[in-house]
Amino acid sequence: MLLVVEQFLNGLQFGLLLFLLAAGLTLVFGIMDLVNLAHGSLYMMGAYFAATFVAGSGNFILGILMALGATLLLGIVLELVALRHLYGRDHLDHVLATFGLILFFNDMVRLIWGPAGLSLPLPAWLTVPVQIVPGVFYPAYRLAIIAVALAVALMLYLVVMRTRIGMLIRAGASNREMIGALGINIKLLYTLVFGLGAALAGLAGLMQAPIHTVQIGMGENILILAFVIIVIGGIGSIRGAFVAAILVGMIDTLGRAFLPDLLRQVLSSAAASTAAPALSSMLIYLLMAIVLVARPEGLFPAGRR
Amino acid sequence: MIAWFNSRNVIAGLIVAGLLLLPVFSQATGNLFILTLFTRIVIFALAAVSLNLIMGYGGMMSFGHAAYLGIGGYAVGILAAEGIGSGFIQWPVALLASALFALVIGSLSLRTRGVYFIMITLAFAQMAYYVASGLSRYGGDDGLTIYKRSDFGSLINLSGRVQFYYLCLFCLLGGVYLVWRIVNSRFGMVVQGLRSNEQRMQAIGFPANRYKLVCFVIAGTMCGLAGALLANNTDFISPAVMYWTRSGDLMVMVILGGMGTLFGPVVGAIFYLVLEEFLSQVTEYWAMIMGPLLLLIVLFGRGGILGLVGRFARA
């Protein structure tokens with residue numbers, strides 16, 4: 001029972017983290033129609049910035065805020081220098097160009113920070129376990145991730161659904177040319193959205209950093225997960241991304257935790273321990289394949305055309 | 001009369017001649033490294049040619065093409081590990097397994113369009129990657145060493161460097177020839193028609209998905225052959241061959257050389273891998289140059305290298 005509660009929370013935490021990454025990706029994808037493989041690089045940069053600034057300033061919160069600002073800035077610069085010229089081009093061009101950016105960022109990080117990973121130590125007040133229900137302790141830091149991610153998700157929801165900027169973003173997602181024709185400064189909007197997406201990716205990266213190490217290529221695996229999520233959720237739909245992210249986070253975490261035991265009841269233990277890791281890694285891809293076969297436009301298509 | 005003497009055909013001719021004469025050059029100068037490098041390049045060129053068939057001519061943007069490299073390679077590796085060394089068994093199994101995989105994922109993936117197609121092919125390739133990582137009997141994550149190359153009796157000895165190179169080259173040229181024949185056949189015309197306007201083709205009465213699926217399976221099988229060659233070349237196969245960045249590499253080669261041109265993928269593979277080799281000798285941080293270079297090629301060089309040459313020749 002304890003294990004179930006703990007794994008459930010782990011799944012929620014992972015899902016929310018994935019949502020932060022996927023939200024930026026789905027906004028960029030939905031509004032600018034840009035396939036950005038380098039989104040994972042921004043995630044990585046967020047973590048590297050955080051590790052550097054926290055070590056430099058000696059203050060966890062200050063370092064993290066600086067890292068967020070730096071990722072935001074990096075995203076805006078990236079949009080102005082490179083990605084802005086890719087709008088309206090073929091998706092394949094996006095894949096090729098942003099694939100190049102991944103190569104660039106990975107080697108740049110290796111040049112600046114060296115090939116060995118960094119670590120981002122937590123301050124003492126975040127390492128204490130918290131008793132959530134009698135007898136169940138859960139790390140404070142993971143609770144903090146859940147809280148921050150939920151707050152950001154709520155904020156994002158309010159911004160997108162309740163403000164003028166959000167209205168423009170939604171309008172951009174459903175009809176790009178029309179809002180340009182209505183006299184909205186679409187270039188500025190694009191830059192802003194891209195910066196926002198970059199900051200969200202950076203936030204996800206730096207929050208993940210204390211749990212795993214900060215290393216080169218850390219953004220690549222999780223980028224594919226984020227793509228899976230936005231495809232399941234329906235491209236351009238924040239609501240879809242949220243539902244799909246939680247779903248993927250839960251399935252992945254619970255699958256890894258409980259699948260080996262489940263399999264052991266059907267198969268011999270040797271066969272189960274061989275099959276379980278592969279099968280649990282495959283689960284989410286299986287989910288995506290099933291969703292796409294049943295609903296080729298994702299669960300919540302963003303009402304285009 | 002068709003003008004055979006145009007810039008593209010001249011380039012193609014030069015490349016074929018160069019590749020055919022490479023072992024002579026290597027023997028004459030004693031430069032064995034260049035032969036090793038180009039064996040690898042020729043194998044990846046074959047994979048890129050097969051990807052080009054569906055991507056360039058069929059308009060199917062598969063982001064999971066490296067899966068076939070792994071499947072072909074693992075077919076050879078696993079059979080070798082189980083004591084079946086004969087290439088007459090290994091290679092047909094490799095081709096058949098790739099074809100079967102392509103048939104299954106193709107029939108599911110072709111229900112989707114556009115970006116969704118890119119992503120679902122990626123998902124299937126990632127599944128194959130994780131299956132291979134889970135094969136603990138065959139090395140799992142660490143991969144599988146192949147102690148003996150495929151045995152073709154007295155027909156050909158794969159351990160001979162030059163012989164193996166010519167076998168790879170033969171496969172590549174065979175692949176290019178096959179694509180040429182397909183593209184100019186009625187079948188190929190239908191597939192290209194589907195790329196430009198699927199609805200119209202369907203209205204004429206062509207079963208769109210069946211044509212696309214057959215094309216998808218042919219490409220997958222061809223790439224499976226490249227996988228079998230690759231496993232023999234490195235004497236090793238690991239899940240890393242199927243990782244999504246590998247599929248990205250293949251896509252880059254095709255786009256770089258010129259999508260939907262016969263020799264474009266070959267040019268792309270040579271350019272990409274030679275440049276990678278060259279840059280990695282100049283600096284350890286070669287990707288810092290390669291990355292922005294790709295970006296620049298996308299921004300300014302539409303139609304890939306062959307496209308550039310074509311424009312230059314016309315100007």
# chains A, B, ... in the order shown; residues from 1 in each chain; ligands from 1
call {"tool": "select_by_dssp", "arguments": {"residues": "segment 135-253 of chain A", "states": "alpha helix (DSSP H)", "output": "NGL selection string"}}
result
:A and (140-162 or 164-174 or 176-181 or 186-208 or 218-233 or 238-253)
call {"tool": "residues_around", "arguments": {"residues": "Ile216 of chain A", "least_positions_apart": "6", "cutoff": "10 Å", "atoms": "only C-alpha atoms", "output": "NGL selection string"}}
result
:A and (41 or 44-45 or 48 or 105-110 or 113-118)
call {"tool": "interface_residues", "arguments": {"of": "chain A", "to": "chain B", "cutoff": "7 Å", "atoms": "only C-alpha atoms", "output": "list in words"}}
result
Asp93, Leu96, Ala97, Gly100, Leu101, Leu103, Phe104, Asp107, Met108, Val231, Thr274, Ala275, Pro277, Ala278, Ser281, Met282, Tyr285, Ala289, Val293 and Pro296 of chain A
call {"tool": "write_last_selection", "arguments": {"atoms": "C-alpha atoms", "output": "PDB file, in the first residue's frame"}}
result
ATOM      1  CA  ASP A  93      13.530  21.299 -42.917  1.00  0.00           C
ATOM      2  CA  LEU A  96      17.111  18.816 -40.186  1.00  0.00           C
ATOM      3  CA  ALA A  97      17.825  22.290 -38.815  1.00  0.00           C
ATOM      4  CA  GLY A 100      21.789  20.412 -36.246  1.00  0.00           C
ATOM      5  CA  LEU A 101      21.045  22.563 -33.197  1.00  0.00           C
ATOM      6  CA  LEU A 103      24.512  18.546 -32.252  1.00  0.00           C
ATOM      7  CA  PHE A 104      25.655  22.089 -31.629  1.00  0.00           C
ATOM      8  CA  ASP A 107      29.153  19.831 -28.114  1.00  0.00           C
ATOM      9  CA  MET A 108      28.975  23.354 -26.784  1.00  0.00           C
ATOM     10  CA  VAL A 231       0.913  13.639 -30.296  1.00  0.00           C
ATOM     11  CA  THR A 274      14.137 -10.204 -18.978  1.00  0.00           C
ATOM     12  CA  ALA A 275      10.904  -9.009 -20.484  1.00  0.00           C
ATOM     13  CA  PRO A 277      12.317  -3.653 -18.399  1.00  0.00           C
ATOM     14  CA  ALA A 278      11.863  -3.734 -22.166  1.00  0.00           C
ATOM     15  CA  SER A 281       9.954   1.130 -21.566  1.00  0.00           C
ATOM     16  CA  MET A 282       7.722   0.248 -24.479  1.00  0.00           C
ATOM     17  CA  TYR A 285       5.037   3.994 -27.217  1.00  0.00           C
ATOM     18  CA  ALA A 289       0.494   3.717 -31.306  1.00  0.00           C
ATOM     19  CA  VAL A 293      -4.487   4.069 -34.714  1.00  0.00           C
ATOM     20  CA  PRO A 296      -5.166   9.722 -35.829  1.00  0.00           C
TER      21      PRO A 296
END
call {"tool": "atom_distance", "arguments": {"atom1": "atom CA of Gly24 of chain A", "atom2": "atom CA of Arg239 of chain A"}}
result
12.5 Å
call {"tool": "residues_around", "arguments": {"residues": "segment 153-156 of chain B", "least_positions_apart": "3", "cutoff": "10 Å", "atoms": "only C-alpha atoms", "output": "number ranges by chain"}}
result
B: 86-88, 150, 159-160, 163-164, 167
call {"tool": "residues_around", "arguments": {"residues": "Ala140 of chain A", "least_positions_apart": "3", "cutoff": "6 Å", "atoms": "only C-alpha atoms", "output": "list of chain:residue names"}}
result
A:Leu126, A:Val128, A:Pro129, A:Val130, A:Leu143
call {"tool": "decode", "arguments": {"residues": "segment 68-130 of chain A", "atoms": "C-alpha atoms", "output": "short mmCIF file (atom, residue, chain, number, x, y, z; two decimals), in the first residue's frame"}}
result
data_model
loop_
_atom_site.label_atom_id
_atom_site.label_comp_id
_atom_site.auth_asym_id
_atom_site.auth_seq_id
_atom_site.Cartn_x
_atom_site.Cartn_y
_atom_site.Cartn_z
CA LEU A 68 15.16 30.49 -15.62
CA GLY A 69 15.96 33.98 -16.88
CA ALA A 70 18.97 32.68 -18.78
CA THR A 71 16.95 29.95 -20.50
CA LEU A 72 14.26 32.46 -21.42
CA LEU A 73 16.91 34.71 -22.93
CA LEU A 74 18.54 31.81 -24.75
CA GLY A 75 15.18 30.82 -26.21
CA ILE A 76 14.51 34.34 -27.45
CA VAL A 77 17.96 34.62 -28.99
CA LEU A 78 17.59 31.22 -30.63
CA GLU A 79 14.26 32.26 -32.12
CA LEU A 80 15.61 35.57 -33.41
CA VAL A 81 18.80 34.12 -34.87
CA ALA A 82 17.72 30.82 -36.31
CA LEU A 83 14.24 29.45 -35.88
CA ARG A 84 12.37 32.55 -37.04
CA HIS A 85 13.63 31.85 -40.55
CA LEU A 86 12.17 28.36 -40.52
CA TYR A 87 8.50 29.28 -40.10
CA GLY A 88 6.42 28.27 -43.06
CA ARG A 89 9.03 25.82 -44.27
CA ASP A 90 8.58 22.10 -44.66
CA HIS A 91 8.52 19.99 -41.49
CA LEU A 92 11.51 18.10 -42.80
CA ASP A 93 13.53 21.30 -42.92
CA HIS A 94 12.64 21.83 -39.26
CA VAL A 95 13.81 18.33 -38.40
CA LEU A 96 17.11 18.82 -40.19
CA ALA A 97 17.83 22.29 -38.82
CA THR A 98 16.91 21.57 -35.22
CA PHE A 99 18.77 18.25 -35.40
CA GLY A 100 21.79 20.41 -36.25
CA LEU A 101 21.05 22.56 -33.20
CA ILE A 102 21.06 19.47 -30.96
CA LEU A 103 24.51 18.55 -32.25
CA PHE A 104 25.65 22.09 -31.63
CA PHE A 105 24.30 22.36 -28.09
CA ASN A 106 25.64 18.97 -27.02
CA ASP A 107 29.15 19.83 -28.11
CA MET A 108 28.98 23.35 -26.78
CA VAL A 109 28.07 22.00 -23.37
CA ARG A 110 30.93 19.52 -23.63
CA LEU A 111 33.29 22.37 -24.48
CA ILE A 112 32.17 24.66 -21.65
CA TRP A 113 31.32 22.27 -18.83
CA GLY A 114 33.35 19.22 -19.86
CA PRO A 115 32.17 15.71 -20.65
CA ALA A 116 31.51 14.68 -17.02
CA GLY A 117 28.07 15.47 -15.64
CA LEU A 118 27.35 18.06 -12.96
CA SER A 119 25.22 17.67 -9.89
CA LEU A 120 22.81 20.13 -8.38
CA PRO A 121 22.80 19.68 -4.60
CA LEU A 122 19.59 20.50 -2.74
CA PRO A 123 19.51 22.87 0.21
CA ALA A 124 18.90 21.14 3.56
CA TRP A 125 15.30 22.32 3.90
CA LEU A 126 14.31 20.48 0.75
CA THR A 127 15.85 17.13 1.63
CA VAL A 128 13.70 16.29 4.66
CA PRO A 129 11.03 13.65 4.16
CA VAL A 130 7.50 14.85 4.78
#
